[in-house]
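structure_24.cif follows (mmCIF, C-alpha atoms and all ligand atoms):
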data_target
#
loop_
_atom_site.label_atom_id
_atom_site.label_comp_id
_atom_site.auth_asym_id
_atom_site.auth_seq_id
_atom_site.Cartn_x
_atom_site.Cartn_y
_atom_site.Cartn_z
CA MET A 12 25.12 56.18 16.44
CA SER A 13 21.80 54.60 15.56
CA ARG A 14 18.77 53.13 17.15
CA VAL A 15 18.11 49.58 15.94
CA VAL A 16 14.61 48.16 15.88
CA ILE A 17 13.90 44.53 15.12
CA ARG A 18 10.26 43.70 14.48
CA ASN A 19 8.94 40.14 14.23
CA LEU A 20 12.16 38.95 12.65
CA VAL A 21 11.99 35.45 11.19
CA LYS A 22 14.82 33.58 9.49
CA ARG A 23 13.97 30.13 8.22
CA TYR A 24 16.46 27.37 7.56
CA GLY A 25 13.93 24.55 7.32
CA PRO A 26 12.81 24.54 10.95
CA VAL A 27 11.75 28.02 11.91
CA ALA A 28 14.15 30.27 13.77
CA ALA A 29 12.25 33.34 14.89
CA VAL A 30 13.24 36.31 16.95
CA SER A 31 10.50 38.66 17.92
CA ASP A 32 10.93 42.28 18.88
CA ILE A 33 14.06 44.00 20.17
CA ASP A 34 14.19 47.79 20.40
CA ILE A 35 17.78 48.94 20.90
CA ALA A 36 18.24 52.55 21.98
CA GLU A 37 20.92 54.86 20.55
CA GLY A 38 24.19 54.18 22.32
CA GLU A 39 22.91 51.08 24.06
CA PHE A 40 25.06 47.97 24.52
CA ILE A 41 23.02 44.81 23.98
CA ALA A 42 24.22 41.23 24.42
CA LEU A 43 22.56 38.34 22.59
CA LEU A 44 23.07 35.42 24.97
CA GLY A 45 22.06 31.80 24.74
CA PRO A 46 23.21 28.22 24.21
CA SER A 47 24.84 26.98 21.04
CA GLY A 48 22.45 26.89 18.11
CA CYS A 49 19.83 29.22 19.63
CA GLY A 50 20.11 31.72 16.76
CA LYS A 51 22.45 34.44 18.04
CA THR A 52 24.75 34.55 15.00
CA THR A 53 21.80 34.26 12.64
CA THR A 54 20.18 37.30 14.28
CA LEU A 55 23.42 39.27 14.11
CA ARG A 56 23.99 38.34 10.47
CA CYS A 57 20.46 39.54 9.65
CA ILE A 58 21.24 42.87 11.34
CA ALA A 59 24.51 43.07 9.37
CA GLY A 60 22.73 42.35 6.10
CA LEU A 61 24.73 39.14 5.55
CA GLU A 62 21.47 37.14 5.62
CA GLU A 63 18.17 38.00 4.04
CA VAL A 64 15.26 37.83 6.45
CA SER A 65 12.33 35.48 5.81
CA ASP A 66 9.89 37.86 7.50
CA GLY A 67 9.77 40.91 9.75
CA GLU A 68 11.74 44.13 9.62
CA ILE A 69 15.01 45.64 10.77
CA ILE A 70 15.26 49.42 11.06
CA MET A 71 18.54 51.26 11.66
CA GLY A 72 18.33 54.91 12.53
CA ASP A 73 15.30 55.91 10.47
CA ARG A 74 16.03 53.54 7.57
CA LEU A 75 14.31 50.25 6.84
CA VAL A 76 17.32 48.02 6.05
CA SER A 77 15.76 44.53 6.01
CA SER A 78 12.34 43.18 5.17
CA LYS A 79 10.92 40.41 3.00
CA THR A 80 11.28 42.66 -0.03
CA GLU A 81 14.09 45.02 1.00
CA SER A 82 17.74 44.35 1.78
CA VAL A 83 20.29 47.13 2.11
CA PRO A 84 23.76 45.58 1.50
CA PRO A 85 26.15 45.38 4.50
CA GLU A 86 28.49 48.10 3.20
CA LYS A 87 25.62 50.58 3.07
CA ARG A 88 24.45 49.90 6.65
CA GLU A 89 27.14 51.93 8.46
CA ILE A 90 28.10 49.03 10.67
CA GLY A 91 31.43 47.84 12.04
CA MET A 92 31.90 44.13 12.67
CA VAL A 93 34.27 42.14 14.87
CA PHE A 94 34.26 38.35 14.73
CA GLN A 95 35.84 35.49 16.65
CA SER A 96 38.41 35.01 13.91
CA TYR A 97 40.38 38.22 13.65
CA ALA A 98 40.39 38.15 9.84
CA ILE A 99 43.27 40.60 9.59
CA TRP A 100 45.68 40.58 6.68
CA PRO A 101 49.03 39.18 7.80
CA HIS A 102 51.04 40.71 4.94
CA MET A 103 49.98 44.27 5.85
CA THR A 104 51.11 46.45 8.73
CA VAL A 105 48.80 47.14 11.63
CA ALA A 106 48.05 50.65 10.30
CA GLU A 107 47.36 49.34 6.78
CA ASN A 108 44.93 46.81 8.20
CA VAL A 109 43.07 49.50 10.09
CA ALA A 110 43.10 51.91 7.12
CA PHE A 111 41.81 49.31 4.68
CA GLY A 112 38.10 49.97 5.15
CA LEU A 113 38.63 53.72 4.76
CA GLY A 114 40.00 53.22 1.25
CA MET A 115 36.58 53.44 -0.38
CA LYS A 116 35.64 56.67 1.36
CA GLY A 117 37.89 58.93 -0.70
CA LEU A 118 39.45 60.63 2.31
CA ALA A 119 42.66 62.69 2.19
CA LYS A 120 45.79 60.73 3.18
CA SER A 121 46.36 62.86 6.25
CA GLU A 122 42.81 62.31 7.47
CA VAL A 123 43.17 58.55 7.02
CA ALA A 124 46.40 58.65 9.02
CA ASP A 125 44.76 60.68 11.80
CA ARG A 126 41.76 58.42 12.04
CA VAL A 127 43.91 55.28 12.05
CA GLN A 128 46.08 56.70 14.82
CA THR A 129 43.03 57.68 16.89
CA ALA A 130 41.54 54.19 16.49
CA LEU A 131 44.84 52.53 17.41
CA SER A 132 45.12 54.75 20.52
CA LEU A 133 41.59 53.84 21.55
CA VAL A 134 42.44 50.13 21.54
CA GLY A 135 45.82 50.63 23.21
CA LEU A 136 47.94 49.95 20.10
CA ALA A 137 49.22 53.46 19.37
CA PRO A 138 52.91 52.42 19.10
CA TYR A 139 52.22 49.41 16.86
CA GLY A 140 51.08 51.06 13.59
CA SER A 141 54.14 50.12 11.54
CA ARG A 142 54.47 46.58 12.87
CA GLY A 143 53.60 43.64 10.61
CA ALA A 144 50.19 42.32 11.60
CA SER A 145 51.47 38.76 11.80
CA GLN A 146 53.95 39.82 14.50
CA LEU A 147 51.21 40.37 17.06
CA SER A 148 49.79 38.18 19.81
CA GLY A 149 46.21 36.91 19.49
CA GLY A 150 44.97 39.57 21.89
CA GLN A 151 46.72 42.32 19.91
CA GLN A 152 45.32 40.97 16.65
CA GLN A 153 41.84 41.11 18.12
CA ARG A 154 42.48 44.76 19.05
CA VAL A 155 43.46 45.45 15.43
CA ALA A 156 40.15 43.93 14.34
CA LEU A 157 38.42 46.21 16.83
CA ALA A 158 40.33 49.28 15.60
CA ARG A 159 39.39 48.37 12.03
CA ALA A 160 35.72 48.38 13.00
CA ILE A 161 35.73 51.63 14.99
CA VAL A 162 37.86 53.60 12.51
CA LEU A 163 34.81 53.60 10.21
CA GLU A 164 32.89 55.52 12.91
CA PRO A 165 29.93 53.22 12.35
CA GLY A 166 26.42 53.86 13.63
CA VAL A 167 26.32 50.33 15.03
CA LEU A 168 29.04 47.94 16.16
CA LEU A 169 28.37 44.20 15.84
CA PHE A 170 30.42 41.60 17.70
CA ASP A 171 30.22 37.81 17.35
CA GLU A 172 32.09 36.05 20.18
CA PRO A 173 35.12 38.34 19.65
CA LEU A 174 36.97 37.15 22.74
CA SER A 175 36.53 33.40 22.31
CA ASN A 176 40.03 32.74 20.97
CA LEU A 177 41.78 34.49 23.85
CA ASP A 178 43.04 32.81 26.99
CA ALA A 179 40.83 33.04 30.09
CA LYS A 180 42.75 35.82 31.85
CA LEU A 181 42.98 38.10 28.82
CA ARG A 182 39.40 37.41 27.92
CA GLU A 183 38.26 38.53 31.35
CA LYS A 184 40.33 41.71 31.15
CA MET A 185 39.13 42.54 27.62
CA ARG A 186 35.48 42.45 28.74
CA PHE A 187 36.02 45.49 30.92
CA GLU A 188 38.10 47.23 28.26
CA LEU A 189 35.42 46.69 25.63
CA ARG A 190 32.73 48.01 27.94
CA GLU A 191 34.79 51.11 28.75
CA LEU A 192 35.61 51.72 25.10
CA GLN A 193 31.97 51.43 24.11
CA THR A 194 30.95 53.85 26.86
CA ARG A 195 33.53 56.35 25.62
CA LEU A 196 32.50 56.00 21.96
CA GLY A 197 28.78 55.82 22.72
CA THR A 198 28.24 53.59 19.67
CA THR A 199 25.15 51.39 19.68
CA SER A 200 26.55 47.85 20.05
CA ILE A 201 25.20 44.33 19.69
CA TYR A 202 27.37 41.58 21.09
CA VAL A 203 26.86 37.83 20.65
CA THR A 204 28.15 35.50 23.33
CA HIS A 205 27.26 32.21 25.01
CA ASP A 206 29.18 33.29 28.12
CA GLN A 207 26.72 34.67 30.67
CA GLN A 208 29.35 36.48 32.72
CA GLU A 209 30.70 38.21 29.64
CA ALA A 210 27.16 39.28 28.73
CA MET A 211 26.52 40.60 32.21
CA VAL A 212 29.73 42.63 32.37
CA ILE A 213 29.38 44.09 28.92
CA ALA A 214 25.73 44.81 28.34
CA ASP A 215 23.20 47.39 29.44
CA ARG A 216 20.56 44.82 28.58
CA VAL A 217 20.82 41.13 27.80
CA VAL A 218 18.60 39.39 25.25
CA LEU A 219 18.43 35.79 26.43
CA MET A 220 17.61 33.44 23.54
CA ASN A 221 16.52 29.82 23.49
CA GLU A 222 15.74 27.70 20.44
CA GLY A 223 15.35 30.65 18.09
CA ARG A 224 13.17 32.70 20.41
CA ILE A 225 13.66 35.42 22.98
CA ASP A 226 13.23 34.08 26.49
CA GLN A 227 13.74 37.37 28.31
CA ILE A 228 15.16 40.86 27.74
CA GLY A 229 16.42 42.85 30.69
CA ALA A 230 19.25 44.36 32.66
CA PRO A 231 21.71 41.75 33.97
CA THR A 232 20.42 42.21 37.55
CA ALA A 233 16.83 41.60 36.43
CA LEU A 234 17.74 38.45 34.51
CA TYR A 235 19.61 37.10 37.49
CA SER A 236 17.18 38.00 40.26
CA ARG A 237 13.88 37.73 38.36
CA PRO A 238 14.17 35.04 35.67
CA VAL A 239 10.90 34.44 33.82
CA SER A 240 11.51 30.80 32.93
CA ARG A 241 13.16 27.73 34.31
CA PHE A 242 15.48 27.84 31.30
CA GLY A 243 16.56 31.38 32.22
CA ALA A 244 16.99 30.50 35.90
CA GLU A 245 19.27 27.59 35.00
CA PHE A 246 21.17 29.25 32.14
CA ILE A 247 22.21 32.35 34.07
CA GLY A 248 24.07 31.45 37.24
CA LEU A 249 23.19 28.46 39.40
CA ALA A 250 19.71 27.74 40.64
CA ASN A 251 18.12 25.47 43.25
CA ILE A 252 14.68 24.57 41.96
CA PHE A 253 11.75 22.96 43.78
CA ARG A 254 8.75 21.85 41.70
CA GLY A 255 5.44 22.06 43.58
CA GLN A 256 1.81 23.13 43.70
CA VAL A 257 0.33 26.29 45.16
CA VAL A 258 -1.72 25.47 48.29
CA GLY A 259 -2.13 28.95 49.79
CA THR A 260 -1.94 32.60 48.77
CA GLU A 261 -2.02 34.52 52.02
CA GLY A 262 0.96 36.70 52.91
CA GLY A 263 2.74 35.54 49.73
CA THR A 264 2.40 32.06 48.27
CA GLN A 265 2.64 28.63 49.90
CA VAL A 266 3.90 25.79 47.73
CA ARG A 267 3.62 22.10 48.60
CA ILE A 268 6.72 20.34 47.30
CA SER A 269 6.17 16.97 49.07
CA ASP A 270 3.69 15.30 51.43
CA ASP A 271 5.21 16.93 54.45
CA VAL A 272 6.93 20.09 53.14
CA VAL A 273 5.30 23.41 52.24
CA LEU A 274 7.58 26.27 51.21
CA HIS A 275 6.75 29.94 51.73
CA SER A 276 7.55 32.60 49.15
CA LEU A 277 6.79 36.32 49.26
CA ASP A 278 5.95 36.25 45.54
CA CYS A 279 2.30 36.91 44.70
CA GLY A 280 0.00 36.50 41.73
CA PHE A 281 -0.37 32.71 41.73
CA ALA A 282 -3.57 30.67 42.08
CA ILE A 283 -4.24 27.67 44.30
CA GLY A 284 -3.62 24.45 42.38
CA GLN A 285 -1.11 26.04 39.97
CA SER A 286 2.17 24.18 39.32
CA VAL A 287 5.24 26.29 40.03
CA ASP A 288 9.00 26.09 40.09
CA ALA A 289 10.40 27.73 43.20
CA VAL A 290 13.91 29.05 42.51
CA CYS A 291 16.60 30.09 44.99
CA ARG A 292 20.14 31.21 44.14
CA PRO A 293 22.92 29.33 46.01
CA GLU A 294 24.32 32.43 47.70
CA ASN A 295 20.92 33.26 49.19
CA LEU A 296 20.64 30.07 51.25
CA LEU A 297 21.34 30.56 54.94
CA VAL A 298 23.49 27.82 56.43
CA SER A 299 24.25 27.48 60.13
CA LEU A 300 25.45 25.05 62.79
CA GLN A 301 22.78 26.52 65.08
CA VAL A 302 19.10 25.64 64.79
CA LEU A 303 17.31 27.83 62.23
CA HIS A 304 13.66 28.36 63.23
CA GLY A 305 12.19 30.42 60.38
CA PRO A 306 10.06 29.09 57.49
CA ASN A 307 11.70 26.86 54.87
CA SER A 308 14.31 25.57 57.34
CA PHE A 309 15.75 22.07 57.16
CA HIS A 310 18.09 20.00 59.29
CA THR A 311 20.50 18.09 57.05
CA THR A 312 24.10 17.04 56.47
CA ILE A 313 26.70 18.18 53.99
CA ALA A 314 26.85 15.78 51.02
CA SER A 315 29.83 17.35 49.24
CA SER A 316 32.11 20.30 49.83
CA TYR A 317 34.66 21.87 47.50
CA PHE A 318 37.00 24.70 48.43
CA LEU A 319 37.24 27.25 45.60
CA GLY A 320 39.28 29.94 47.29
CA ASN A 321 36.79 32.76 47.86
CA ILE A 322 33.85 30.38 48.36
CA ALA A 323 33.07 26.80 49.34
CA ASP A 324 30.71 25.02 46.96
CA VAL A 325 28.59 22.78 49.16
CA THR A 326 25.68 20.41 48.46
CA MET A 327 23.09 18.96 50.82
CA GLN A 328 19.71 17.22 50.58
CA ALA A 329 16.63 19.11 51.72
CA ALA A 330 12.99 18.25 51.07
CA GLY A 331 13.99 15.65 48.50
CA VAL A 332 16.05 18.12 46.46
CA GLU A 333 19.81 18.44 46.23
CA LEU A 334 20.58 22.00 47.25
CA ARG A 335 23.73 23.73 46.13
CA CYS A 336 25.11 26.47 48.28
CA GLN A 337 28.06 28.81 47.93
CA LEU A 338 29.47 29.71 51.30
CA SER A 339 31.37 32.96 51.44
CA PRO A 340 33.70 33.03 53.24
CA PRO A 341 34.26 29.26 52.98
CA ARG A 342 33.84 27.25 56.21
CA PRO A 343 35.88 24.17 57.05
CA TRP A 344 32.84 21.86 57.17
CA GLY A 345 33.45 18.42 55.68
CA VAL A 346 31.10 15.80 54.26
CA GLY A 347 28.68 14.49 56.91
CA LYS A 348 28.69 17.67 59.00
CA GLU A 349 25.24 18.33 60.49
CA ILE A 350 23.87 21.74 59.55
CA TRP A 351 20.69 23.79 59.26
CA VAL A 352 19.76 25.38 55.99
CA GLN A 353 17.05 27.94 55.31
CA VAL A 354 15.60 29.22 52.05
CA PRO A 355 14.60 32.79 52.95
CA PRO A 356 11.01 33.40 51.66
CA GLU A 357 12.04 36.72 50.11
CA CYS A 358 14.70 34.89 48.04
CA LEU A 359 12.35 32.23 46.70
CA VAL A 360 11.23 33.27 43.19
CA LEU A 361 8.18 31.47 41.79
CA LEU A 362 7.78 30.65 38.09
CA SER A 363 4.68 29.16 36.54
CA ALA A 364 5.40 25.55 35.59
CA ASP A 365 2.06 24.79 33.97
CA ASN A 366 3.57 24.81 30.47
CA ALA A 367 7.12 23.79 31.47
CA GLY A 368 8.59 20.35 30.97
N1 LIG A 401 23.48 28.58 6.59
C1 LIG A 401 22.70 27.79 7.33
N2 LIG A 401 21.98 26.81 6.77
C2 LIG A 401 21.16 26.03 7.50
N3 LIG A 401 21.01 26.14 8.84
C3 LIG A 401 21.69 27.09 9.47
C4 LIG A 401 22.60 27.98 8.76
N4 LIG A 401 23.15 28.83 9.66
C5 LIG A 401 22.65 28.49 10.87
N5 LIG A 401 21.77 27.45 10.75
C6 LIG A 401 21.00 26.84 11.86
O1 LIG A 401 20.30 27.86 12.56
C7 LIG A 401 20.33 27.63 13.95
C8 LIG A 401 20.94 28.83 14.67
O2 LIG A 401 22.32 28.93 14.33
P1 LIG A 401 23.25 30.10 14.84
O3 LIG A 401 24.54 30.01 14.12
O4 LIG A 401 22.51 31.39 14.74
O5 LIG A 401 23.44 29.71 16.38
P2 LIG A 401 24.29 30.43 17.53
O6 LIG A 401 23.31 30.79 18.60
O7 LIG A 401 25.12 31.51 16.96
O8 LIG A 401 25.19 29.23 18.08
P3 LIG A 401 26.75 29.17 18.51
O9 LIG A 401 26.78 29.65 19.94
O10 LIG A 401 27.08 27.72 18.42
O11 LIG A 401 27.54 30.02 17.59
C9 LIG A 401 21.11 26.35 14.16
O12 LIG A 401 20.20 25.30 14.31
C10 LIG A 401 21.90 26.21 12.89
O13 LIG A 401 22.18 24.87 12.60
MG MG A 402 27.20 31.77 16.75
#
If you convert what's in this file into structure tokens, what do you get?
Ligand SMILES: Nc1ncnc2c1ncn2[C@@H]1O[C@H](COP(=O)(O)OP(=O)(O)OP(=O)(O)O)[C@@H](O)[C@H]1O
Ligand SMILES: [Mg+2]
Amino acid sequence: MSRVVIRNLVKRYGPVAAVSDIDIAEGEFIALLGPSGCGKTTTLRCIAGLEEVSDGEIIMGDRLVSSKTESVPPEKREIGMVFQSYAIWPHMTVAENVAFGLGMKGLAKSEVADRVQTALSLVGLAPYGSRGASQLSGGQQQRVALARAIVLEPGVLLFDEPLSNLDAKLREKMRFELRELQTRLGTTSIYVTHDQQEAMVIADRVVLMNEGRIDQIGAPTALYSRPVSRFGAEFIGLANIFRGQVVGTEGGTQVRISDDVVLHSLDCGFAIGQSVDAVCRPENLLVSLQVLHGPNSFHTTIASSYFLGNIADVTMQAAGVELRCQLSPPRPWGVGKEIWVQVPPECLVLLSADNAG
């Protein structure tokens, strides 16, 4: 397995797409997450050596593999790749598909057979070696693609939306399988997805990208609970956001969001007069039929309520903002029901909005 270091990477297709630094530890599982067109695939293809970089460097293990003047070809990078399209050969058997990449290595037949069988066992396809590849379900074909990548015992595994063609149930199950497999193999892995839940399940750290740049790098819990931008707060999970101005900094920060409402947050480090976005996750709102007396409490009525099984997804107006709340367990409160809602100060995350739109 290899460490992967990306330094000041720039890939230009007319308008600049730039990714600054990512330092991926040996054995780490990294997800590149972001909306369509943000540059995830481009970054991955640069790491694979399928694109030349316009500037910056990529180092794998202790080798410089990409720079403005250097480009080690993909087959010399010791990488395994799995894409959205399975790209397996339908006229070959499962075992032949998996063995294909080993052909160039000059291994003895028996060693090839052993490695193919080990790879097939790892992906749960041990009994399928002699089956024609076209006689497999989509999920099984994707496992063949995975086996074909890991049989090479690569230093780095690269994935580009590998589960996108699978149905929702299988896709959800495969996330956990992939994570477990990667933990067992210990192979450094970089995984592109636009699905935030997939990224959070799979990755040790998530690289959140927006418009060709890194917005934030961190563990899934950090990205969720401490977003650094409004974009991040809204892209990962749901967010209630109040825009306001700092009017006090004692015992936390006080933020005026309208003529008659000042919110309290325990966050510090802001200056009076600064514009901020105050962010609260839906599950952190307190909702009650009884009067709530603490700071950031509002008396309001339910504007909409949807039963989703384990939760009720409820909206209400408070301080001129539509708040979205997820009640768990769901309560049988219909539209128009009078309630109290509180934004707990310790759950109100402040983000500087001075440069935000
Ligand atoms: N070969 C190319 N020529 C010109 N522009 C390109 C090329 N490949 C990608 N781009 C542009 O680079 C930007 C990033 O594309 P990229 O494929 O990396 O996005 P992505 O994050 O993988 O999106 P998606 O989630 O839709 O796959 C886009 O604006 C895209 O149009
Ligand atoms: Mg892509």
Counting only C-alpha atoms, I want the residues whose atoms come within 7 Å of (17.9, 24.8, 52.8) in the file frame, returned as a list of chain:residue names.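 Those residues lying close to the given coordinates are A:Leu296, A:Asn307, A:Ser308, A:Phe309, A:Ala329, A:Leu334, A:Val352, A:Gln353, A:Val354.
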Pick out the residues no farther than 9 Å from ligand LIG 401 (chain A), counting all atoms listed in the file, and list them as a ChimeraX atom specification. /A:22-28,43-56,62,171-172,203-205,220-223
What does the structure give for the distance between atom CA of Thr312 of chain A and atom CA of Cys291 of chain A, in Å to one decimal?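 Distance between the two atoms: 18.9 Å.
Proximity of A:Arg142, A:Phe94, A:Ile283, A:Val123 to ligand MG 402 (chain A), computed with all atoms listed in the file, is greatest for A:Phe94.
Among A:Val21, A:Val266, A:Val155, A:Val332, the residue with the shortest atom-to-atom distance to Leu136 of chain A, counting only C-alpha atoms, is A:Val155.
Atom CA of Val212 of chain A lies 20.9 Å from atom CA of Ala156 of chain A.
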Residues near Arg292 of chain A, anyone? I mean within 7 Å using only C-alpha atoms, not counting same-chain ones fewer than 6 positions away, as a ChimeraX atom specification. /A:249-251
One decimal, Å: what's the distance from atom CA of Ala289 of chain A over to atom CA of Ser276 of chain A, could you say? 8.2 Å
